[in-house]
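Peer 1: Take a look at my_file_26.txt, compact mmCIF, C-alpha atoms and all ligand atoms:
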```txt
# COMPACT_ATOMS: atom_id res chain seq x y z
CA MET M 58 0.00 0.00 0.00
CA ASN M 59 1.43 3.37 -1.03
CA GLU M 60 0.74 5.92 1.61
CA GLY M 61 2.33 8.87 -0.12
CA VAL M 62 4.94 10.55 -2.29
CA TRP M 63 7.38 13.18 -1.06
CA ALA M 64 10.14 15.26 -2.70
CA ALA M 65 13.22 17.03 -1.35
CA PRO M 66 15.54 19.15 -3.50
CA GLY M 67 19.26 19.43 -3.95
CA ARG M 68 20.72 22.88 -3.49
CA VAL M 69 23.31 25.24 -4.79
CA ASN M 70 25.06 27.64 -2.47
CA LEU M 71 25.08 31.20 -3.80
CA ILE M 72 27.63 32.43 -1.26
CA GLY M 73 28.91 31.44 2.20
CA GLU M 74 31.35 28.55 1.64
CA HIS M 75 32.78 26.52 4.52
CA THR M 76 31.21 29.02 6.93
CA ASP M 77 28.61 26.59 8.22
CA TYR M 78 30.96 24.76 10.59
CA ASN M 79 32.27 28.10 11.82
CA ASP M 80 28.84 29.20 13.11
CA GLY M 81 28.65 31.62 10.19
CA PHE M 82 26.28 32.61 7.41
CA VAL M 83 25.30 30.80 4.24
CA MET M 84 22.95 31.52 1.39
CA PRO M 85 21.82 28.46 -0.55
CA PHE M 86 18.75 28.03 -2.71
CA ALA M 87 16.87 24.89 -3.68
CA LEU M 88 17.23 23.43 -7.17
CA PRO M 89 14.33 22.08 -9.22
CA HIS M 90 16.13 18.71 -9.03
CA THR M 91 14.69 16.45 -6.32
CA VAL M 92 14.89 13.06 -4.70
CA VAL M 93 11.35 11.66 -4.76
CA ALA M 94 10.32 9.00 -2.24
CA THR M 95 7.28 6.79 -2.48
CA ALA M 96 6.79 5.39 1.00
CA SER M 97 4.42 3.44 3.19
CA ARG M 98 4.42 2.17 6.77
CA ARG M 99 5.18 -1.41 7.74
CA ASP M 100 4.18 -2.95 11.04
CA ASP M 101 6.89 -5.65 11.15
CA GLY M 102 9.80 -3.44 12.22
CA LEU M 103 11.56 -3.69 8.86
CA LEU M 104 12.96 -0.87 6.78
CA ARG M 105 12.94 -1.78 3.10
CA LEU M 106 14.95 0.52 0.84
CA HIS M 107 15.14 0.61 -2.92
CA SER M 108 16.58 3.22 -5.28
CA SER M 109 16.23 3.23 -9.03
CA ASP M 110 19.44 5.28 -9.22
CA VAL M 111 21.82 2.62 -7.90
CA GLY M 112 22.38 -0.94 -8.95
CA GLY M 113 21.20 -3.87 -6.85
CA GLY M 114 17.80 -4.73 -5.49
CA ALA M 115 16.01 -3.69 -2.33
CA VAL M 116 17.80 -3.78 1.02
CA GLU M 117 15.97 -4.87 4.18
CA LEU M 118 17.10 -3.73 7.60
CA ARG M 119 15.61 -4.32 11.04
CA ILE M 120 15.05 -0.90 12.61
CA GLY M 121 15.81 -2.15 16.10
CA ASP M 122 19.31 -3.15 14.92
CA LEU M 123 20.25 0.23 13.43
CA ALA M 124 23.26 1.78 15.14
CA PRO M 125 26.13 4.05 14.09
CA GLY M 126 29.08 2.08 12.77
CA ARG M 127 26.90 -0.89 11.86
CA GLY M 128 25.79 0.42 8.48
CA PRO M 129 27.14 -1.36 5.41
CA GLY M 130 28.85 1.82 4.19
CA HIS M 131 26.71 2.35 1.15
CA TRP M 132 23.77 4.51 0.07
CA THR M 133 21.27 2.88 2.42
CA ASP M 134 23.18 4.41 5.36
CA TYR M 135 21.61 7.80 4.56
CA PRO M 136 17.93 6.80 4.93
CA ALA M 137 18.74 4.21 7.63
CA GLY M 138 20.67 6.92 9.50
CA VAL M 139 17.59 9.13 9.44
CA VAL M 140 15.45 6.36 10.93
CA TRP M 141 18.11 5.83 13.60
CA ALA M 142 18.38 9.59 14.36
CA LEU M 143 14.61 9.99 14.66
CA ARG M 144 14.27 6.97 16.96
CA ASP M 145 17.34 7.96 18.97
CA ALA M 146 15.68 11.36 19.59
CA GLY M 147 12.65 9.53 20.97
CA HIS M 148 10.33 9.79 17.99
CA PRO M 149 7.99 6.80 17.54
CA VAL M 150 9.08 5.68 14.08
CA GLY M 151 8.40 2.10 12.98
CA GLY M 152 9.12 0.17 9.81
CA ALA M 153 8.62 1.48 6.29
CA ASP M 154 8.97 0.72 2.60
CA PHE M 155 10.84 3.33 0.58
CA HIS M 156 11.37 3.66 -3.12
CA PHE M 157 13.63 6.53 -4.24
CA GLU M 158 13.99 8.13 -7.64
CA SER M 159 16.15 11.18 -8.16
CA THR M 160 17.11 13.92 -10.58
CA VAL M 161 19.78 15.39 -8.26
CA PRO M 162 23.27 14.67 -9.66
CA THR M 163 25.18 12.69 -7.00
CA GLY M 164 28.59 13.67 -5.75
CA ALA M 165 28.42 16.97 -7.67
CA GLY M 166 28.37 19.24 -4.62
CA LEU M 167 24.63 19.73 -5.09
CA SER M 168 23.68 17.82 -1.97
CA SER M 169 21.97 14.71 -3.16
CA SER M 170 22.83 13.21 0.23
CA ALA M 171 20.87 15.87 2.13
CA ALA M 172 17.96 15.55 -0.30
CA LEU M 173 17.89 11.80 0.32
CA GLU M 174 17.93 12.32 4.09
CA VAL M 175 15.35 15.08 4.15
CA VAL M 176 12.88 13.26 1.91
CA THR M 177 13.18 10.23 4.19
CA ALA M 178 12.59 12.32 7.30
CA LEU M 179 9.64 14.17 5.79
CA ALA M 180 7.95 10.94 4.72
CA LEU M 181 8.44 9.37 8.17
CA ASP M 182 7.23 12.56 9.82
CA ASP M 183 3.94 12.32 7.90
CA LEU M 184 3.61 8.53 8.05
CA TYR M 185 4.11 8.47 11.83
CA GLY M 186 2.53 11.85 12.65
CA LEU M 187 5.62 13.31 14.30
CA GLY M 188 4.81 16.98 13.62
CA LEU M 189 8.48 18.01 13.40
CA GLU M 190 9.41 21.60 12.65
CA ARG M 191 11.53 21.95 9.53
CA TRP M 192 14.64 23.20 11.29
CA ARG M 193 14.47 20.20 13.60
CA THR M 194 14.09 17.84 10.67
CA ALA M 195 17.27 19.39 9.22
CA ARG M 196 19.13 18.93 12.53
CA LEU M 197 18.15 15.28 12.78
CA CYS M 198 19.21 14.68 9.16
CA GLN M 199 22.55 16.33 9.87
CA ARG M 200 22.96 14.02 12.86
CA ALA M 201 22.23 11.05 10.60
CA GLU M 202 24.98 12.16 8.19
CA ASN M 203 27.50 13.09 10.91
CA VAL M 204 27.03 10.19 13.28
CA TYR M 205 25.50 7.35 11.29
CA VAL M 206 27.06 7.89 7.85
CA GLY M 207 30.19 9.36 9.41
CA ALA M 208 30.52 12.48 7.22
CA PRO M 209 31.35 15.61 9.24
CA THR M 210 29.13 18.08 7.35
CA GLY M 211 27.64 21.32 8.63
CA ILE M 212 23.94 22.19 8.82
CA MET M 213 23.58 24.06 5.53
CA ASP M 214 22.63 21.29 3.13
CA GLN M 215 19.87 19.73 5.18
CA THR M 216 18.41 23.12 6.12
CA ALA M 217 18.42 24.21 2.48
CA SER M 218 16.61 21.09 1.36
CA ALA M 219 14.08 21.30 4.21
CA CYS M 220 13.48 25.06 4.40
CA CYS M 221 14.07 26.78 1.05
CA THR M 222 11.12 28.36 -0.75
CA GLU M 223 10.49 29.00 -4.42
CA GLY M 224 11.92 32.25 -5.79
CA HIS M 225 14.17 32.82 -2.76
CA ALA M 226 17.62 32.20 -1.43
CA LEU M 227 17.81 31.23 2.23
CA HIS M 228 19.89 33.49 4.43
CA LEU M 229 20.76 31.16 7.28
CA ASP M 230 22.61 31.92 10.49
CA THR M 231 24.14 28.53 11.25
CA ARG M 232 24.66 29.43 14.92
CA ASP M 233 21.06 30.02 16.01
CA LEU M 234 19.45 28.65 12.81
CA SER M 235 17.48 31.85 12.30
CA GLN M 236 16.50 32.23 8.66
CA ARG M 237 15.37 34.84 6.20
CA GLN M 238 13.97 34.17 2.76
CA ILE M 239 15.62 36.63 0.38
CA PRO M 240 13.81 37.15 -2.96
CA LEU M 241 16.04 36.06 -5.86
CA ASP M 242 14.39 36.77 -9.19
CA LEU M 243 17.29 36.64 -11.63
CA ALA M 244 15.14 36.57 -14.76
CA ALA M 245 13.49 39.87 -13.82
CA HIS M 246 16.97 41.42 -14.06
CA GLY M 247 17.86 39.72 -17.32
CA LEU M 248 20.24 37.40 -15.48
CA GLU M 249 20.75 33.67 -15.27
CA LEU M 250 22.76 31.49 -12.92
CA LEU M 251 24.51 28.59 -14.59
CA VAL M 252 25.63 25.55 -12.64
CA VAL M 253 28.62 23.83 -14.18
CA ASP M 254 29.11 20.35 -12.77
CA THR M 255 32.71 19.49 -13.61
CA GLN M 256 31.91 15.80 -13.03
CA VAL M 257 35.23 15.39 -11.24
CA LYS M 258 35.81 14.65 -7.58
CA HIS M 259 39.45 14.54 -6.56
CA ALA M 260 40.13 11.62 -4.28
CA HIS M 261 41.71 13.54 -1.39
CA SER M 262 38.70 15.84 -0.88
CA ASP M 263 37.39 14.23 2.34
CA GLY M 264 40.73 14.42 4.12
CA GLU M 265 41.25 18.02 3.01
CA TYR M 266 37.80 18.96 4.32
CA GLY M 267 38.75 17.57 7.73
CA LYS M 268 42.02 19.51 7.68
CA ARG M 269 40.23 22.80 6.90
CA ARG M 270 37.78 22.19 9.72
CA ALA M 271 40.56 21.45 12.17
CA GLY M 272 42.48 24.53 10.99
CA CYS M 273 39.45 26.76 11.53
CA GLU M 274 38.99 25.36 15.02
CA ALA M 275 42.67 25.99 15.75
CA GLY M 276 42.23 29.58 14.56
CA ALA M 277 39.22 30.17 16.81
CA ALA M 278 41.10 28.67 19.77
CA ALA M 279 44.17 30.83 19.12
CA LEU M 280 41.95 33.92 19.00
CA GLY M 281 40.04 32.90 22.12
CA VAL M 282 36.61 32.87 20.46
CA PRO M 283 34.02 30.07 20.36
CA ALA M 284 34.00 30.09 16.55
CA LEU M 285 35.43 32.17 13.69
CA ARG M 286 31.98 33.70 13.31
CA ASP M 287 32.89 35.73 16.40
CA VAL M 288 35.71 37.56 14.64
CA PRO M 289 34.12 40.80 13.31
CA TYR M 290 35.16 41.82 9.81
CA GLU M 291 36.32 45.17 11.17
CA ASP M 292 38.75 43.36 13.50
CA LEU M 293 40.20 41.07 10.84
CA ASP M 294 43.61 42.74 10.50
CA ALA M 295 44.12 42.80 14.25
CA ALA M 296 43.10 39.14 14.48
CA LEU M 297 45.47 38.12 11.68
CA ALA M 298 48.33 39.94 13.38
CA ARG M 299 47.80 37.72 16.43
CA LEU M 300 48.11 34.48 14.48
CA GLU M 301 51.50 32.92 14.00
CA ASP M 302 50.65 30.05 11.69
CA GLU M 303 50.42 31.26 8.09
CA GLU M 304 48.13 28.37 7.11
CA VAL M 305 45.70 29.17 9.92
CA ARG M 306 45.87 32.86 9.08
CA ARG M 307 44.69 32.13 5.53
CA LEU M 308 41.80 30.00 6.72
CA VAL M 309 40.70 32.68 9.17
CA ARG M 310 40.87 35.35 6.47
CA HIS M 311 38.65 33.30 4.18
CA ILE M 312 35.99 32.63 6.82
CA VAL M 313 35.82 36.21 8.09
CA THR M 314 35.72 37.76 4.60
CA GLU M 315 33.26 35.11 3.41
CA ASN M 316 30.80 35.89 6.20
CA HIS M 317 31.13 39.52 5.19
CA ARG M 318 30.47 38.60 1.55
CA VAL M 319 27.21 36.91 2.55
CA GLU M 320 26.12 40.12 4.23
CA ARG M 321 27.09 42.14 1.16
CA VAL M 322 25.12 39.84 -1.13
CA VAL M 323 22.05 40.11 1.10
CA ALA M 324 22.35 43.91 1.09
CA HIS M 325 22.66 44.01 -2.71
CA LEU M 326 19.67 41.73 -3.21
CA GLU M 327 17.53 43.68 -0.78
CA ALA M 328 18.45 46.88 -2.60
CA GLY M 329 17.48 45.30 -5.93
CA GLU M 330 21.10 45.44 -7.15
CA VAL M 331 21.24 41.87 -8.37
CA ARG M 332 24.03 42.47 -10.85
CA ALA M 333 26.26 43.79 -8.05
CA VAL M 334 26.28 40.28 -6.59
CA GLY M 335 28.54 39.12 -9.44
CA PRO M 336 31.85 40.64 -8.32
CA VAL M 337 31.23 39.41 -4.78
CA LEU M 338 30.94 35.85 -6.08
CA THR M 339 34.19 36.28 -8.01
CA GLU M 340 35.97 37.61 -4.90
CA GLY M 341 34.65 34.58 -3.03
CA HIS M 342 36.26 32.30 -5.60
CA ALA M 343 39.63 34.00 -5.25
CA SER M 344 39.39 33.55 -1.49
CA LEU M 345 38.55 29.85 -1.80
CA ARG M 346 41.35 29.35 -4.33
CA ASP M 347 44.13 31.37 -2.69
CA ASP M 348 43.31 31.41 1.02
CA PHE M 349 41.21 28.33 1.69
CA ARG M 350 42.94 26.43 -1.12
CA ILE M 351 40.17 24.06 -2.07
CA SER M 352 39.74 24.83 -5.76
CA CYS M 353 41.17 22.69 -8.55
CA PRO M 354 42.09 23.22 -12.23
CA GLU M 355 38.60 22.29 -13.47
CA LEU M 356 36.83 24.76 -11.15
CA ASP M 357 39.32 27.53 -11.90
CA LEU M 358 38.84 26.91 -15.61
CA VAL M 359 35.05 27.35 -15.34
CA VAL M 360 35.48 30.62 -13.45
CA ASP M 361 38.24 32.05 -15.66
CA THR M 362 36.55 31.02 -18.90
CA GLY M 363 33.15 32.26 -17.74
CA LEU M 364 34.51 35.66 -16.77
CA ALA M 365 36.53 35.97 -19.97
CA ALA M 366 33.36 35.20 -21.95
CA GLY M 367 31.45 38.00 -20.24
CA ALA M 368 30.03 36.54 -17.01
CA VAL M 369 28.96 39.00 -14.29
CA GLY M 370 30.57 36.80 -11.62
CA ALA M 371 31.59 33.21 -10.99
CA ARG M 372 32.84 30.95 -8.24
CA MET M 373 33.24 27.36 -7.21
CA THR M 374 30.45 26.16 -4.92
CA GLY M 375 30.30 23.32 -2.41
CA GLY M 376 33.09 21.52 -0.65
CA GLY M 377 35.75 21.96 -3.34
CA PHE M 378 38.32 19.77 -5.18
CA GLY M 379 35.74 19.16 -7.91
CA GLY M 380 31.99 19.29 -7.93
CA SER M 381 30.32 22.37 -9.31
CA ALA M 382 30.88 26.04 -10.05
CA ILE M 383 28.26 28.74 -10.55
CA VAL M 384 28.36 31.44 -13.20
CA LEU M 385 26.15 34.53 -13.02
CA THR M 386 25.52 35.90 -16.49
CA ASP M 387 23.27 38.08 -18.59
CA VAL M 388 20.78 35.83 -20.32
CA SER M 389 22.11 37.22 -23.60
CA ALA M 390 25.66 35.92 -22.88
CA SER M 391 24.59 32.52 -21.52
CA ALA M 392 24.94 30.53 -24.75
CA THR M 393 28.40 31.97 -25.45
CA ILE M 394 29.56 31.14 -21.94
CA ARG M 395 28.28 27.57 -22.10
CA LYS M 396 30.06 27.09 -25.42
CA SER M 397 33.29 28.67 -24.17
CA VAL M 398 33.35 26.50 -21.05
CA ARG M 399 32.73 23.32 -23.06
CA GLU M 400 35.47 24.25 -25.52
CA ALA M 401 37.90 25.13 -22.74
CA PHE M 402 37.27 21.75 -21.07
CA ALA M 403 37.81 19.93 -24.35
CA GLY M 404 40.96 21.98 -24.96
CA GLU M 405 42.41 20.93 -21.60
CA GLY M 406 41.45 17.32 -22.14
CA PHE M 407 38.96 17.41 -19.25
CA GLY M 408 35.75 15.37 -19.37
CA GLU M 409 32.62 17.11 -20.58
CA PRO M 410 30.96 19.25 -17.91
CA ARG M 411 27.21 19.16 -17.26
CA ILE M 412 25.74 22.67 -17.46
CA PHE M 413 22.23 23.76 -16.44
CA THR M 414 20.36 26.86 -15.36
CA ALA M 415 19.58 26.99 -11.63
CA ILE M 416 16.16 28.37 -10.76
CA PRO M 417 15.40 28.99 -7.06
CA SER M 418 12.81 26.31 -6.35
CA ALA M 419 10.66 24.91 -3.56
CA GLY M 420 12.01 23.07 -0.53
CA ALA M 421 10.91 19.63 0.62
CA ARG M 422 7.21 18.88 0.25
CA ARG M 423 4.56 16.19 -0.03
CA LEU M 424 3.52 15.54 -3.62
CA ALA M 425 0.69 13.05 -3.13
P1 LIG M 501 26.46 15.14 -2.77
O1 LIG M 501 25.65 15.27 -1.53
O2 LIG M 501 27.26 16.34 -3.09
O3 LIG M 501 25.67 14.68 -3.95
P2 LIG M 501 27.66 13.03 -1.23
O4 LIG M 501 28.88 12.22 -1.44
O5 LIG M 501 27.49 13.78 0.01
O6 LIG M 501 27.55 14.00 -2.52
O7 LIG M 501 26.39 12.10 -1.39
C1 LIG M 501 26.22 11.24 -2.51
C2 LIG M 501 25.75 9.87 -2.04
O8 LIG M 501 24.37 9.94 -1.61
C3 LIG M 501 25.73 8.84 -3.14
O9 LIG M 501 27.01 8.27 -3.30
C4 LIG M 501 24.72 7.84 -2.62
O10 LIG M 501 25.29 7.02 -1.62
C5 LIG M 501 23.71 8.74 -1.93
N1 LIG M 501 22.59 9.05 -2.82
C6 LIG M 501 22.24 10.27 -3.29
N2 LIG M 501 21.15 10.20 -4.08
C7 LIG M 501 20.78 8.89 -4.12
C8 LIG M 501 19.73 8.16 -4.75
N3 LIG M 501 18.82 8.75 -5.53
N4 LIG M 501 19.67 6.84 -4.53
C9 LIG M 501 20.59 6.23 -3.76
N5 LIG M 501 21.59 6.85 -3.15
C10 LIG M 501 21.70 8.17 -3.31
MG MG M 502 26.40 15.52 0.43
```
Would you put the structure from the file into structure tokens?
Peer 2:
Amino acid sequence: MNEGVWAAPGRVNLIGEHTDYNDGFVMPFALPHTVVATASRRDDGLLRLHSSDVGGGAVELRIGDLAPGRGPGHWTDYPAGVVWALRDAGHPVGGADFHFESTVPTGAGLSSSAALEVVTALALDDLYGLGLERWRTARLCQRAENVYVGAPTGIMDQTASACCTEGHALHLDTRDLSQRQIPLDLAAHGLELLVVDTQVKHAHSDGEYGKRRAGCEAGAAALGVPALRDVPYEDLDAALARLEDEEVRRLVRHIVTENHRVERVVAHLEAGEVRAVGPVLTEGHASLRDDFRISCPELDLVVDTGLAAGAVGARMTGGGFGGSAIVLTDVSASATIRKSVREAFAGEGFGEPRIFTAIPSAGARRLA
């Protein structure tokens, strides 16, 4: 018996990169691409998971046996982790059948993992009448990914998937989880945001992510603040002068300037100066490339080629070392930019990138 159909989107982050584990600000919006779950309750304590996007048949797990570290280390850990996190928080969740089907590219920095978690949580919330608030759903999904899957991600991705609304970017304070929906109507300004999925993921990316996190924590400790969010932009030079380690100094400079860039983007959007966002994105890329050092040749090529072909601004987005970049462009220059990027990739001998227009779309919802 099918009890319902739910959808949760992937996201792209407009600005605010690697700030979410520094208690800072981020500004993602939801993509039209979603993970769709068809789900129903079971009364035998089994969780049955099937995805049309991965090989292999359905996987059956006993919900009473779910525990961190016991997962098989494949895709089913994401939905199973959500069931575990909900039950561990005391929510009365029983067995369920899930079938997933997705249009969110996986491993492209567009958060297919969060979409998979959030759609699972939303379906269970409805099926078992939990009445969870969206921000809490996001927290529990983050816990599933951190503790059950074992990936040390921040809160941005799950909150974006759970809380974004159509036509808006989500200005999120990752410390207190307060949110503001900021209208983002690019078309009304003759603009378009391209997502360029480089389709590469360099193998060392997970370890490098951990190193950046540790470096940021070391910076906060050296400055005597709970998190780098607590270093005001106005105090940046004084803070940098107090840091001895050059590596840490660079990380701190990225986080503090990046939080400031989020504020600048919000101010521009609220003033209706959408085009002015472009140079801020480009500055953000330089900071990620030179200070945070998480770009790669493919991402730099998208940004450099896009700008040379007339883009208003461009930057890598997501964790880095591959994944996707975003390019803000006049609609009139979009075709030229797409062509230039494809040609540049071919010229460098890189694999063909996937390019699409990102339209700020709805967050997680029930479809039927
Ligand atoms: P991203 O979140 O950037 O797409 P991650 O590595 O965090 O990349 O998550 C990707 C993983 O999420 C996939 O390798 C797979 O295990 C899981 N996943 C995402 N979407 C699906 C899907 N539709 N079906 C099964 N597993 C999925
Ligand atoms: Mg992910």
Peer 1: Show me a table, sorted first by chain and then by increasing residue number, of the residues of chain M having an atom at most 7 Å from ligand MG 502 (chain M), each with its shortest atom pair and the distance in Å to one decimal, counting all atoms listed in the file and written as a Markdown table.
Peer 2:
```
| residue | atom | partner | partner_atom | distance |
| --- | --- | --- | --- | --- |
| M:Gly164 | CA | M:MG502 | MG | 6.8 |
| M:Gly166 | CA | M:MG502 | MG | 6.6 |
| M:Ser168 | CA | M:MG502 | MG | 4.3 |
| M:Ser169 | CA | M:MG502 | MG | 5.8 |
| M:Ser170 | CA | M:MG502 | MG | 4.3 |
| M:Ala171 | CA | M:MG502 | MG | 5.8 |
```
Peer 1: Which residues sit within 8 Å of ligand LIG 501 (chain M), counting all atoms listed in the file, listed as an NGL selection string?
Peer 2: :M and (67 or 92 or 107-111 or 131-135 or 157-173 or 208 or 375 or 380)
Peer 1: Need the shell around range 112-123 of chain M: protein/DNA/RNA residues with any atom at most 7 Å away, counting all atoms listed in the file. Skip same-chain ones fewer than 2 positions apart. Format as a ChimeraX atom specification?
Peer 2: /M:102-107,110,127,141,152
Peer 1: Just want the 6 Å neighbourhood of Leu248 in chain M, counted on all atoms listed in the file, with same-chain residues fewer than 2 positions away dropped. Output as a list in words.
Peer 2: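 After dropping sequence-adjacent residues, the list is Leu243, Ala244, His246, Thr386, Asp387 and Val388 of chain M.
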Peer 1: Could you make a table, as CSV, of the residues of range 205-260 of chain M that have an atom within 10 Å of an atom of range 269-291 of chain M, each with its nearest atom pair and distance in Å to one decimal, counting only C-alpha atoms, in chain and number order?
Peer 2:
```
residue,atom,partner,partner_atom,distance
M:Pro209,CA,M:Arg270,CA,9.2
M:Thr210,CA,M:Arg270,CA,9.9
M:Asp230,CA,M:Arg286,CA,9.9
M:Thr231,CA,M:Arg286,CA,9.6
M:Arg232,CA,M:Arg286,CA,8.6
```
Peer 1: How many Å lie between CA of Phe86 in chain M and CA of Gly267 in chain M, rounded to one decimal?
Peer 2: 24.9 Å
Peer 1: Mind giving me the straight-line distance from CA of Thr216 in chain M to CA of Ala195 in chain M in Å, one decimal?
Peer 2: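 Distance reported for this atom pair: 5.0 Å.
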Peer 1: Please list as a compact mmCIF listing (two decimals) with C-alpha atoms, keeping the file's coordinate frame every residue within 9 Å of Arg196 in chain M, counting all atoms listed in the file and excluding residues in the same chain fewer than 4 positions away.
Peer 2:
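What ended up in around_16.txt:
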```txt
# COMPACT_ATOMS: atom_id res chain seq x y z
CA ARG M 191 11.53 21.95 9.53
CA TRP M 192 14.64 23.20 11.29
CA ARG M 200 22.96 14.02 12.86
CA ALA M 201 22.23 11.05 10.60
CA ILE M 212 23.94 22.19 8.82
CA GLN M 215 19.87 19.73 5.18
CA THR M 216 18.41 23.12 6.12
```
Peer 1: Can you measure CA of Thr339 in chain M to CA of Val359 in chain M for me? One decimal in Å is fine.
Peer 2: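 The value is 11.6 Å.
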Peer 1: Which is closer to His228 in chain M than all the others in M:Ala390, M:Ala245, M:Val369, M:Met213, using only C-alpha atoms?
Peer 2: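 Looking at the shortest contact to His228 in chain M, the residue is M:Met213.
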Peer 1: Have a look at M:Leu71, M:Val175, M:Ala65, M:Ile239 and name the one nearest to Gly224 in chain M; count all atoms listed in the file.
Peer 2: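 Among the listed residues, M:Ile239 lies closest to Gly224 in chain M.
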Peer 1: Name the residues within 9 Å of (20.0, 28.9, -9.7), counting only C-alpha atoms in the file's coordinates, and put them as number ranges by chain.
Peer 2: M: 68-71, 86-89, 243, 249-252, 383, 385, 413-418
Peer 1: Would you mind exporting C-alpha atoms of the selected residues as a tab-separated table (two decimals), in the coordinates of the input?
Peer 2:
```tsv
chain	number	residue	atom	x	y	z
M	68	ARG	CA	20.72	22.88	-3.49
M	69	VAL	CA	23.31	25.24	-4.79
M	70	ASN	CA	25.06	27.64	-2.47
M	71	LEU	CA	25.08	31.20	-3.80
M	86	PHE	CA	18.75	28.03	-2.71
M	87	ALA	CA	16.87	24.89	-3.68
M	88	LEU	CA	17.23	23.43	-7.17
M	89	PRO	CA	14.33	22.08	-9.22
M	243	LEU	CA	17.29	36.64	-11.63
M	249	GLU	CA	20.75	33.67	-15.27
M	250	LEU	CA	22.76	31.49	-12.92
M	251	LEU	CA	24.51	28.59	-14.59
M	252	VAL	CA	25.63	25.55	-12.64
M	383	ILE	CA	28.26	28.74	-10.55
M	385	LEU	CA	26.15	34.53	-13.02
M	413	PHE	CA	22.23	23.76	-16.44
M	414	THR	CA	20.36	26.86	-15.36
M	415	ALA	CA	19.58	26.99	-11.63
M	416	ILE	CA	16.16	28.37	-10.76
M	417	PRO	CA	15.40	28.99	-7.06
M	418	SER	CA	12.81	26.31	-6.35
```
Peer 1: Kindly indicate which residue among M:Ile394, M:Cys221, M:Val331, M:Ala178 lies nearest to Gly247 in chain M, using all atoms listed in the file for the distances.
Peer 2: M:Val331
Peer 1: Closest to Glu340 in chain M among M:Val398, M:Leu326, M:Val204, M:Val360, using only C-alpha atoms?
Peer 2: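 The shortest atom-to-atom distance to Glu340 in chain M comes from M:Val360.
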Peer 1: Skip Val334 in chain M itself and residues of its chain fewer than 2 positions away, then list as an MDAnalysis selection string all residues within 10 Å of it, counting only C-alpha atoms.
Peer 2: chainID M and resid 71:72 318:319 321:326 330:332 336:339 369:371 385
Peer 1: May I ask which of the residues M:Leu197, M:Met373, M:Val257, M:Leu293 is the closest one to Phe407 in chain M, counting all atoms listed in the file?
Peer 2: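 Counting all atoms listed in the file, the residue closest to Phe407 in chain M is M:Val257.
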Peer 1: For each of M:Ala217, M:Val62, M:Val253, M:Ala392, take the minimum atom-to-atom distance to Gln238 in chain M, counting all atoms listed in the file, then give the residue where this is smallest.
Peer 2: M:Ala217
Peer 1: Residues near Arg411 in chain M, anyone? I mean within 8 Å using all atoms listed in the file, not counting same-chain ones fewer than 5 positions away, as a ChimeraX atom specification.
Peer 2: /M:253-256
Peer 1: Enclose all atoms of range 223-238 of chain M listed in the file in an axis-aligned box, grow every side by 5 Å, and hand back centre and edge lengths in Å to one decimal, as AutoDock Vina command-line options.
Peer 2:
```
--center_x 17.6 --center_y 31.7 --center_z 5.1 --size_x 24.2 --size_y 16.3 --size_z 31.8
```
Peer 1: Using the incomplete input, complete range 66-73 of chain M to the level of N, CA, C and O atoms; output as a PDB file, in the frame of the given file.
Peer 2:
```
ATOM      1  N   PRO M  66      14.617  18.689  -2.461  1.00  0.00           N
ATOM      2  CA  PRO M  66      15.540  19.150  -3.500  1.00  0.00           C
ATOM      3  C   PRO M  66      17.009  19.096  -3.115  1.00  0.00           C
ATOM      4  O   PRO M  66      17.367  19.137  -1.931  1.00  0.00           O
ATOM      5  N   GLY M  67      17.859  19.090  -4.129  1.00  0.00           N
ATOM      6  CA  GLY M  67      19.260  19.430  -3.950  1.00  0.00           C
ATOM      7  C   GLY M  67      19.360  20.939  -3.849  1.00  0.00           C
ATOM      8  O   GLY M  67      18.359  21.656  -3.942  1.00  0.00           O
ATOM      9  N   ARG M  68      20.556  21.433  -3.642  1.00  0.00           N
ATOM     10  CA  ARG M  68      20.720  22.880  -3.490  1.00  0.00           C
ATOM     11  C   ARG M  68      22.003  23.349  -4.146  1.00  0.00           C
ATOM     12  O   ARG M  68      22.919  22.553  -4.390  1.00  0.00           O
ATOM     13  N   VAL M  69      22.046  24.645  -4.403  1.00  0.00           N
ATOM     14  CA  VAL M  69      23.310  25.240  -4.790  1.00  0.00           C
ATOM     15  C   VAL M  69      23.546  26.385  -3.811  1.00  0.00           C
ATOM     16  O   VAL M  69      22.592  27.026  -3.366  1.00  0.00           O
ATOM     17  N   ASN M  70      24.782  26.574  -3.432  1.00  0.00           N
ATOM     18  CA  ASN M  70      25.060  27.640  -2.470  1.00  0.00           C
ATOM     19  C   ASN M  70      25.516  28.886  -3.226  1.00  0.00           C
ATOM     20  O   ASN M  70      26.534  28.857  -3.909  1.00  0.00           O
ATOM     21  N   LEU M  71      24.752  29.962  -3.104  1.00  0.00           N
ATOM     22  CA  LEU M  71      25.080  31.200  -3.800  1.00  0.00           C
ATOM     23  C   LEU M  71      26.361  31.809  -3.239  1.00  0.00           C
ATOM     24  O   LEU M  71      27.258  32.207  -3.969  1.00  0.00           O
ATOM     25  N   ILE M  72      26.434  31.875  -1.911  1.00  0.00           N
ATOM     26  CA  ILE M  72      27.630  32.430  -1.260  1.00  0.00           C
ATOM     27  C   ILE M  72      27.632  31.963   0.201  1.00  0.00           C
ATOM     28  O   ILE M  72      26.588  31.656   0.751  1.00  0.00           O
ATOM     29  N   GLY M  73      28.816  31.907   0.811  1.00  0.00           N
ATOM     30  CA  GLY M  73      28.910  31.440   2.200  1.00  0.00           C
ATOM     31  C   GLY M  73      29.482  30.020   2.213  1.00  0.00           C
ATOM     32  O   GLY M  73      28.810  29.063   2.576  1.00  0.00           O
TER      33      GLY M  73
END
```
